[in-house]
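Below is protein.cif, which holds mmCIF, C-alpha atoms and all ligand atoms.
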data_protein
loop_
_atom_site.label_atom_id
_atom_site.label_comp_id
_atom_site.auth_asym_id
_atom_site.auth_seq_id
_atom_site.Cartn_x
_atom_site.Cartn_y
_atom_site.Cartn_z
CA MET A 1 4.74 17.94 3.17
CA PRO A 2 1.80 16.35 1.44
CA THR A 3 0.36 13.58 3.50
CA HIS A 4 -0.44 11.44 0.62
CA SER A 5 -3.07 13.71 -0.76
CA GLY A 6 -4.43 13.67 2.78
CA ASP A 7 -7.17 11.54 1.48
CA PRO A 8 -9.28 9.78 4.06
CA SER A 9 -10.32 7.40 1.37
CA ARG A 10 -6.74 6.21 1.45
CA THR A 11 -8.28 3.16 2.86
CA THR A 12 -8.13 -0.23 1.44
CA PRO A 13 -10.67 -2.93 1.81
CA ALA A 14 -10.04 -5.67 4.28
CA PRO A 15 -10.07 -9.37 3.88
CA ALA A 16 -11.07 -11.43 6.84
CA ALA A 17 -8.60 -11.33 9.65
CA ALA A 18 -5.54 -13.37 8.94
CA PRO A 19 -2.83 -14.50 11.26
CA VAL A 20 -0.32 -11.88 12.20
CA SER A 21 2.81 -12.57 10.27
CA GLN A 22 6.28 -12.49 11.69
CA PRO A 23 8.81 -9.95 10.54
CA ALA A 24 10.73 -11.33 7.61
CA ALA A 25 14.07 -10.94 9.32
CA ALA A 26 14.60 -12.87 12.48
CA PRO A 27 16.66 -11.20 15.15
CA VAL A 28 20.29 -12.13 15.05
CA SER A 29 20.79 -14.56 17.83
CA GLU A 30 23.87 -15.04 19.92
CA PRO A 31 25.95 -17.95 18.76
CA ALA A 32 25.41 -20.68 21.26
CA ALA A 33 28.36 -22.40 22.86
CA ALA A 34 27.03 -25.72 21.82
CA PRO A 35 26.11 -26.36 18.23
CA ALA A 36 22.72 -24.78 17.81
CA PRO A 37 19.97 -26.33 15.82
CA VAL A 38 19.95 -24.96 12.33
CA SER A 39 17.32 -22.31 12.02
CA SER A 40 16.31 -20.67 8.83
CA ALA A 41 16.06 -16.94 8.46
CA GLY A 42 12.56 -15.80 9.14
CA ALA A 43 11.86 -18.63 11.53
CA PRO A 44 9.54 -17.66 14.33
CA SER A 45 11.36 -15.99 17.17
CA PRO A 46 11.97 -18.09 20.21
CA GLU A 47 9.41 -17.72 22.92
CA GLY A 48 9.97 -14.71 25.05
CA ALA A 49 12.10 -12.93 22.49
CA ALA A 50 9.34 -10.35 22.21
CA ALA A 51 10.13 -9.54 18.62
CA PRO A 52 7.77 -6.86 17.39
CA GLN A 53 5.02 -8.35 15.32
CA CYS A 54 4.08 -7.08 11.93
CA LEU A 55 0.64 -5.66 11.50
CA ALA A 56 -2.10 -7.76 10.07
CA ALA A 57 -2.67 -4.98 7.56
CA PRO A 58 -5.17 -5.92 4.92
CA LEU A 59 -3.10 -5.58 1.80
CA ALA A 60 0.11 -6.63 3.51
CA ARG A 61 -0.63 -10.26 2.82
CA ILE A 62 -1.09 -10.04 -0.88
CA GLY A 63 1.19 -11.85 -3.21
CA PHE A 64 1.33 -13.90 -6.34
CA ASP A 65 3.90 -15.51 -8.62
CA ARG A 66 5.36 -12.58 -10.55
CA ASP A 67 7.36 -14.95 -12.73
CA GLY A 68 9.94 -12.19 -13.08
CA LEU A 69 12.48 -14.38 -14.84
CA HIS A 70 10.14 -14.87 -17.76
CA ARG A 71 9.53 -11.30 -18.79
CA GLU A 72 10.34 -11.71 -22.42
CA ASP A 73 10.41 -8.76 -24.72
CA LEU A 74 6.75 -9.03 -25.59
CA ALA A 75 3.86 -9.93 -23.39
CA PRO A 76 3.11 -13.62 -23.73
CA SER A 77 0.45 -14.94 -26.01
CA GLY A 78 -1.20 -18.33 -26.12
CA ASP A 79 -4.20 -20.27 -24.89
CA ASP A 80 -3.17 -19.91 -21.26
CA VAL A 81 -3.03 -16.10 -21.39
CA ARG A 82 -5.75 -14.10 -19.67
CA TYR A 83 -6.10 -10.32 -19.67
CA VAL A 84 -6.78 -8.17 -16.65
CA VAL A 85 -8.27 -4.83 -17.61
CA SER A 86 -7.64 -1.66 -15.65
CA SER A 87 -8.70 1.89 -16.34
CA GLY A 88 -7.07 4.47 -14.15
CA ALA A 89 -7.57 3.31 -10.55
CA SER A 90 -10.37 0.93 -11.53
CA ILE A 91 -10.19 -2.74 -12.31
CA SER A 92 -12.52 -5.04 -14.20
CA VAL A 93 -14.25 -7.49 -11.88
CA ALA A 94 -17.10 -9.96 -11.94
CA ASP A 95 -19.50 -11.07 -9.26
CA GLY A 96 -19.25 -14.79 -8.67
CA PRO A 97 -20.91 -17.18 -6.27
CA ASP A 98 -18.06 -16.65 -3.80
CA GLY A 99 -17.99 -12.88 -4.15
CA VAL A 100 -16.08 -10.49 -6.33
CA ARG A 101 -13.39 -11.94 -8.60
CA LEU A 102 -11.02 -10.41 -11.07
CA ALA A 103 -12.48 -10.59 -14.54
CA LEU A 104 -10.05 -12.51 -16.74
CA GLU A 105 -10.62 -11.89 -20.43
CA VAL A 106 -9.57 -14.31 -23.15
CA THR A 107 -9.00 -11.87 -26.00
CA ASP A 108 -6.75 -8.83 -26.15
CA PRO A 109 -8.97 -6.03 -24.82
CA ARG A 110 -7.01 -3.05 -26.09
CA PRO A 111 -8.93 -0.71 -28.33
CA ASP A 112 -5.58 0.41 -29.72
CA PRO A 113 -2.85 -2.20 -30.17
CA SER A 114 -0.17 0.44 -29.59
CA HIS A 115 -1.15 0.55 -25.90
CA PRO A 116 1.40 -1.38 -23.85
CA LEU A 117 0.69 -4.73 -22.28
CA VAL A 118 2.36 -5.83 -19.04
CA TYR A 119 3.01 -9.43 -18.16
CA LEU A 120 2.09 -9.66 -14.47
CA GLY A 121 2.77 -13.30 -13.70
CA ARG A 122 0.99 -16.55 -13.02
CA LEU A 123 -2.41 -17.12 -11.51
CA GLY A 124 -3.23 -20.80 -11.35
CA GLU A 125 -2.81 -22.25 -14.80
CA HIS A 126 -2.93 -18.86 -16.46
CA ARG A 127 -0.33 -16.32 -17.44
CA VAL A 128 -1.90 -12.96 -16.68
CA VAL A 129 -1.34 -9.87 -18.80
CA ALA A 130 -2.50 -6.38 -17.83
CA ALA A 131 -4.06 -3.97 -20.29
CA ASP A 132 -4.88 -0.45 -19.25
CA VAL A 133 -7.73 0.94 -21.30
CA PRO A 134 -8.90 4.55 -21.58
CA GLU A 135 -11.77 5.82 -19.49
CA PRO A 136 -14.79 3.80 -20.46
CA SER A 137 -17.18 5.40 -22.86
CA ALA A 138 -20.53 4.30 -24.17
CA GLU A 139 -19.13 3.62 -27.63
CA LEU A 140 -15.85 2.00 -26.76
CA ASP A 141 -16.34 0.07 -23.59
CA ASP A 142 -17.45 -3.48 -23.65
CA PRO A 143 -20.90 -3.23 -22.11
CA GLY A 144 -20.23 -6.38 -20.14
CA ARG A 145 -17.19 -4.96 -18.39
CA ASP A 146 -17.63 -4.03 -14.75
CA LEU A 147 -14.89 -1.54 -13.83
CA ARG A 148 -14.78 -0.73 -10.12
CA GLU A 149 -12.44 1.39 -8.05
CA LEU A 150 -9.74 -0.97 -6.86
CA ARG A 151 -9.37 0.48 -3.38
CA ARG A 152 -13.01 -0.36 -2.77
CA VAL A 153 -12.90 -3.96 -3.98
CA ALA A 154 -9.34 -5.11 -3.28
CA ALA A 155 -10.24 -6.69 0.04
CA GLN A 156 -12.94 -8.78 -1.49
CA LEU A 157 -10.46 -10.36 -3.86
CA SER A 158 -8.22 -13.26 -2.95
CA HIS A 159 -4.72 -12.26 -1.87
CA GLU A 160 -3.36 -13.37 -5.23
CA GLU A 161 -5.97 -11.49 -7.20
CA ALA A 162 -5.54 -8.38 -5.06
CA GLY A 163 -1.81 -8.49 -5.75
CA ILE A 164 -2.39 -8.82 -9.45
CA ALA A 165 -4.95 -6.01 -9.47
CA LEU A 166 -2.70 -3.63 -7.48
CA THR A 167 0.19 -4.38 -9.82
CA ALA A 168 -1.98 -3.88 -12.89
CA VAL A 169 -3.22 -0.50 -11.67
CA GLY A 170 0.26 0.62 -10.64
CA MET A 171 1.82 -0.41 -13.92
CA GLY A 172 -1.01 1.20 -15.85
CA ALA A 173 -0.40 4.47 -14.02
CA TRP A 174 3.31 4.26 -14.80
CA HIS A 175 2.77 3.68 -18.50
CA ARG A 176 0.21 6.48 -18.72
CA ALA A 177 2.53 8.96 -17.01
CA HIS A 178 5.73 8.01 -18.84
CA ARG A 179 5.49 8.63 -22.54
CA HIS A 180 8.73 10.54 -22.99
CA CYS A 181 12.28 10.14 -21.78
CA PRO A 182 12.98 12.37 -18.78
CA GLN A 183 16.58 12.81 -20.02
CA CYS A 184 16.02 13.88 -23.62
CA GLY A 185 12.28 13.94 -24.28
CA GLY A 186 12.51 11.10 -26.79
CA ALA A 187 9.71 8.62 -27.20
CA LEU A 188 9.76 5.56 -24.95
CA ALA A 189 9.15 2.02 -26.12
CA PRO A 190 8.21 -0.84 -23.81
CA GLU A 191 10.51 -3.81 -23.29
CA SER A 192 10.64 -6.81 -20.98
CA ALA A 193 6.93 -7.44 -21.24
CA GLY A 194 6.13 -3.89 -20.17
CA TRP A 195 8.51 -3.65 -17.20
CA VAL A 196 11.06 -1.42 -18.92
CA LEU A 197 10.58 1.67 -21.06
CA ARG A 198 13.55 2.43 -23.27
CA CYS A 199 14.23 5.73 -24.93
CA ARG A 200 14.31 5.47 -28.71
CA GLU A 201 16.80 8.36 -28.89
CA ASP A 202 19.45 7.73 -26.26
CA ALA A 203 18.55 4.14 -25.32
CA THR A 204 18.30 4.84 -21.58
CA PRO A 205 16.10 2.35 -19.81
CA HIS A 206 13.45 3.56 -17.38
CA PHE A 207 11.91 1.41 -14.69
CA PRO A 208 8.69 1.63 -12.71
CA ARG A 209 9.13 3.58 -9.48
CA THR A 210 7.53 3.30 -6.07
CA ASP A 211 7.36 6.21 -3.65
CA PRO A 212 7.92 5.19 -0.04
CA ALA A 213 5.61 6.85 2.46
CA VAL A 214 5.79 6.38 6.22
CA ILE A 215 2.76 6.14 8.47
CA MET A 216 3.26 6.01 12.20
CA ALA A 217 1.47 5.33 15.44
CA VAL A 218 3.04 7.57 18.08
CA ARG A 219 2.36 6.82 21.76
CA ASP A 220 3.27 8.90 24.74
CA ALA A 221 4.62 7.79 28.12
CA ASP A 222 1.06 7.06 29.30
CA ASP A 223 0.46 4.85 26.28
CA ARG A 224 -1.95 7.33 24.75
CA LEU A 225 -2.11 7.40 20.95
CA LEU A 226 -1.60 10.50 18.86
CA LEU A 227 -4.44 11.07 16.43
CA ALA A 228 -4.63 14.05 14.14
CA ARG A 229 -7.07 15.60 11.76
CA ASN A 230 -5.35 16.70 8.62
CA ALA A 231 -6.49 20.06 7.33
CA SER A 232 -7.69 18.35 4.18
CA PHE A 233 -9.67 15.65 5.98
CA ARG A 234 -13.41 15.88 5.86
CA GLY A 235 -15.62 15.97 8.91
CA ARG A 236 -14.42 14.35 12.13
CA PHE A 237 -11.94 12.09 10.41
CA HIS A 238 -8.79 11.48 12.43
CA SER A 239 -5.82 9.26 11.73
CA VAL A 240 -2.21 8.65 12.56
CA LEU A 241 0.41 10.86 10.92
CA ALA A 242 1.89 10.04 7.53
CA GLY A 243 4.16 11.55 4.93
CA PHE A 244 6.50 10.83 2.06
CA VAL A 245 10.12 9.87 2.47
CA GLU A 246 12.51 12.45 1.04
CA PRO A 247 15.65 11.73 -0.96
CA GLY A 248 18.63 11.02 1.25
CA GLU A 249 16.47 10.09 4.21
CA THR A 250 16.12 6.88 6.16
CA LEU A 251 12.66 5.58 6.97
CA GLU A 252 13.25 6.23 10.66
CA GLY A 253 14.43 9.71 9.81
CA ALA A 254 11.28 10.36 7.80
CA VAL A 255 9.13 9.22 10.73
CA ALA A 256 10.94 11.55 13.10
CA ARG A 257 10.89 14.48 10.69
CA GLU A 258 7.22 14.20 9.84
CA VAL A 259 6.22 14.00 13.51
CA ARG A 260 8.46 16.94 14.37
CA GLU A 261 7.12 19.03 11.47
CA GLU A 262 3.46 18.25 11.97
CA VAL A 263 3.06 18.20 15.75
CA GLY A 264 6.34 19.55 17.08
CA ILE A 265 7.59 16.64 19.15
CA ASP A 266 10.50 14.23 18.94
CA VAL A 267 10.10 10.48 18.79
CA GLU A 268 12.22 7.52 19.78
CA GLN A 269 11.97 3.74 19.61
CA VAL A 270 10.89 3.88 15.99
CA GLU A 271 10.01 0.34 15.04
CA TYR A 272 8.88 -1.12 11.71
CA ALA A 273 5.41 -2.62 11.78
CA GLY A 274 4.55 -3.65 8.24
CA SER A 275 3.86 -2.40 4.75
CA GLN A 276 1.09 -2.11 2.24
CA PRO A 277 1.29 -1.32 -1.47
CA TRP A 278 -0.70 1.74 -2.44
CA PRO A 279 -0.26 2.21 -6.18
CA PHE A 280 -2.53 5.25 -6.45
CA PRO A 281 -0.48 6.13 -8.29
CA ARG A 282 2.74 4.65 -6.93
CA SER A 283 3.17 4.55 -3.17
CA LEU A 284 4.26 1.96 -0.70
CA MET A 285 2.99 2.59 2.83
CA LEU A 286 5.57 1.68 5.47
CA ALA A 287 4.06 1.51 8.95
CA PHE A 288 5.92 2.26 12.17
CA ARG A 289 5.33 2.36 15.88
CA ALA A 290 7.10 5.12 17.78
CA ARG A 291 7.26 6.70 21.24
CA ALA A 292 7.20 10.37 22.05
CA ALA A 293 10.63 11.20 23.42
CA SER A 294 10.68 11.94 27.10
CA GLY A 295 10.36 15.63 27.76
CA SER A 296 8.98 16.35 24.32
CA GLY A 297 6.44 18.74 25.73
CA ALA A 298 3.14 19.88 24.33
CA LEU A 299 2.01 19.37 20.77
CA ALA A 300 2.69 22.30 18.46
CA LEU A 301 0.68 21.89 15.29
CA GLN A 302 1.78 22.81 11.81
CA GLU A 303 -1.28 24.87 11.11
CA GLU A 304 -1.59 24.60 7.36
CA GLU A 305 -1.27 20.83 7.55
CA ILE A 306 -2.84 19.70 10.83
CA ALA A 307 -6.20 21.04 11.93
CA GLU A 308 -6.20 19.30 15.29
CA ALA A 309 -4.21 16.64 17.11
CA ALA A 310 -4.45 15.09 20.55
CA TRP A 311 -3.40 12.18 22.70
CA TRP A 312 -6.15 9.60 23.09
CA THR A 313 -6.63 6.99 25.78
CA ARG A 314 -8.38 3.76 24.95
CA GLU A 315 -11.11 4.71 27.40
CA ASP A 316 -11.78 8.03 25.67
CA LEU A 317 -11.62 6.77 22.12
CA VAL A 318 -14.46 4.26 22.17
CA PRO A 319 -17.19 6.62 23.46
CA ALA A 320 -15.95 9.33 21.09
CA LEU A 321 -16.34 6.92 18.20
CA ALA A 322 -19.75 5.79 19.41
CA ALA A 323 -20.92 9.39 19.72
CA GLY A 324 -19.59 10.26 16.28
CA ARG A 325 -17.26 12.92 17.68
CA ILE A 326 -14.42 11.26 15.83
CA ALA A 327 -14.16 8.96 12.81
CA LEU A 328 -11.25 6.69 11.94
CA PRO A 329 -9.88 5.20 8.72
CA GLY A 330 -11.75 2.20 7.38
CA PRO A 331 -11.16 -1.25 8.83
CA GLU A 332 -9.16 -2.18 5.78
CA SER A 333 -6.47 0.51 5.91
CA ILE A 334 -3.00 0.18 7.33
CA ALA A 335 -3.77 3.30 9.38
CA ARG A 336 -6.62 1.44 11.03
CA ALA A 337 -4.39 -1.58 11.56
CA LEU A 338 -1.89 0.65 13.38
CA ILE A 339 -4.61 2.18 15.54
CA GLU A 340 -6.06 -1.22 16.43
CA ASP A 341 -2.56 -2.53 17.09
CA TRP A 342 -2.30 0.13 19.79
CA TYR A 343 -5.86 -0.41 21.00
CA GLY A 344 -5.33 -4.16 21.30
CA GLY A 345 -8.26 -5.31 19.21
CA ALA A 346 -10.96 -4.32 16.79
CA LEU A 347 -12.59 -0.94 17.25
CA PRO A 348 -16.20 -0.24 16.43
CA ASP A 349 -16.61 1.46 13.10
CA ALA A 350 -18.35 4.75 13.66
CA ARG A 351 -18.24 5.91 10.08
ZN ZN B 401 16.17 9.76 -23.95
#
Can I see the file as structure tokens?
Amino acid sequence: MPTHSGDPSRTTPAPAAAPVSQPAAAPVSEPAAAPAPVSSAGAPSPEGAAAPQCLAAPLARIGFDRDGLHREDLAPSGDDVRYVVSSGASISVADGPDGVRLALEVTDPRPDPSHPLVYLGRLGEHRVVAADVPEPSAELDDPGRDLRELRRVAAQLSHEEAGIALTAVGMGAWHRAHRHCPQCGGALAPESAGWVLRCREDATPHFPRTDPAVIMAVRDADDRLLLARNASFRGRFHSVLAGFVEPGETLEGAVAREVREEVGIDVEQVEYAGSQPWPFPRSLMLAFRARAASGSGALALQEEEIAEAAWWTREDLVPALAAGRIALPGPESIARALIEDWYGGALPDAR
């Protein structure tokens, strides 16, 4: 099972710490005998309910007005339209007095007007349209355009701009990879402001897809954390386990299967902890906490996938990081958020 290309750079930049958000769904509460005060779904849990908290994962807080009810056939045009330019996994940005901002262009940036545009939504007074342009070249690229790898700059953007940039890159990847109908091979034509591709031959509509991937912090009975070094990881890089969800599988089932396949133990108490979009090219990271099942025994590694794995105490982890014997995902990744959730605070960055 590919662990997401096993790429240690599967890290995403981190905005400043933000408040931990509550799970969207509040626990179902017992109907009270007396009329209970009306509480809205998603209201904070009552004190002492000990509802699991969602991770303060860096890109979990992004969001913007997608204006999904106004995806007309064509991308909008007008004075309030601004273009966001992506190229592969890079996005056009500008350095401002307050740091890195998305570069919003006033004129249609496409070198070829047959390239699709995607209406992303509203940002302030602007309607924002994404244009994915080919790899920059000396002749074609606007010399003033500063294209940077999104995973490296996302955290420096506002939550709204990060959401727009992640959507632009994800939609760009979808359009690049879907030129022909998977049913009949016919050419596809964009509709709904770039959110639908319809086959010109058999008229089937095709929609952008997201691949769910689970990532999980597994603890044992002594509250030690399982960290593993994927065979494809460089150096001393360790992380929590991760893998893609398979068709017909629940998220909890995927967590249990991946842990069983990769380190040979069973888990229980699988609990959702948060999510993070990862459109490189089209994943959604779903984070979980889990416990090693009692009596699960010793770790048995899947050799071609996992180079090493071990249970770590908090006391052992910090000196190992300080001595450079182990390196962890960057402070911006959801993997790091899971590890620090177990640790109970920020860990020193030994990278
Ligand atoms: Zn077709």
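A straight line drawn from atom CA of A:Arg145 to atom CA of A:Ile164 is 17.7 Å long.
Among the candidate residues A:Ala337, A:Ala165, A:Val196, A:Ala75, the one lying nearest to A:Ile215 is A:Ala337, with distances computed using only C-alpha atoms.
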Can you tell me which residues come within 10 Å of ligand ZN 401 (chain B) when counting all atoms listed in the file, ideally as an NGL selection string?
-> :A and (180-188 or 198-206)
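Compared by their closest atoms to A:Pro190, and using all atoms listed in the file, the residues A:Val118, A:Ala293, A:Leu226, A:Ala309 rank with A:Val118 nearest.
You will find atom CA of A:Trp195 at 24.9 Å from atom CA of A:Arg101.
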Box in all listed atoms of stretch 196-214 of chain A, axis-aligned, with 8 Å more on each side; write out centre and edge lengths in Å to one decimal as lines of an AutoDock Vina configuration file.
center_x = 12.5
center_y = 3.5
center_z = -11.3
size_x = 29.8
size_y = 25.8
size_z = 51.1
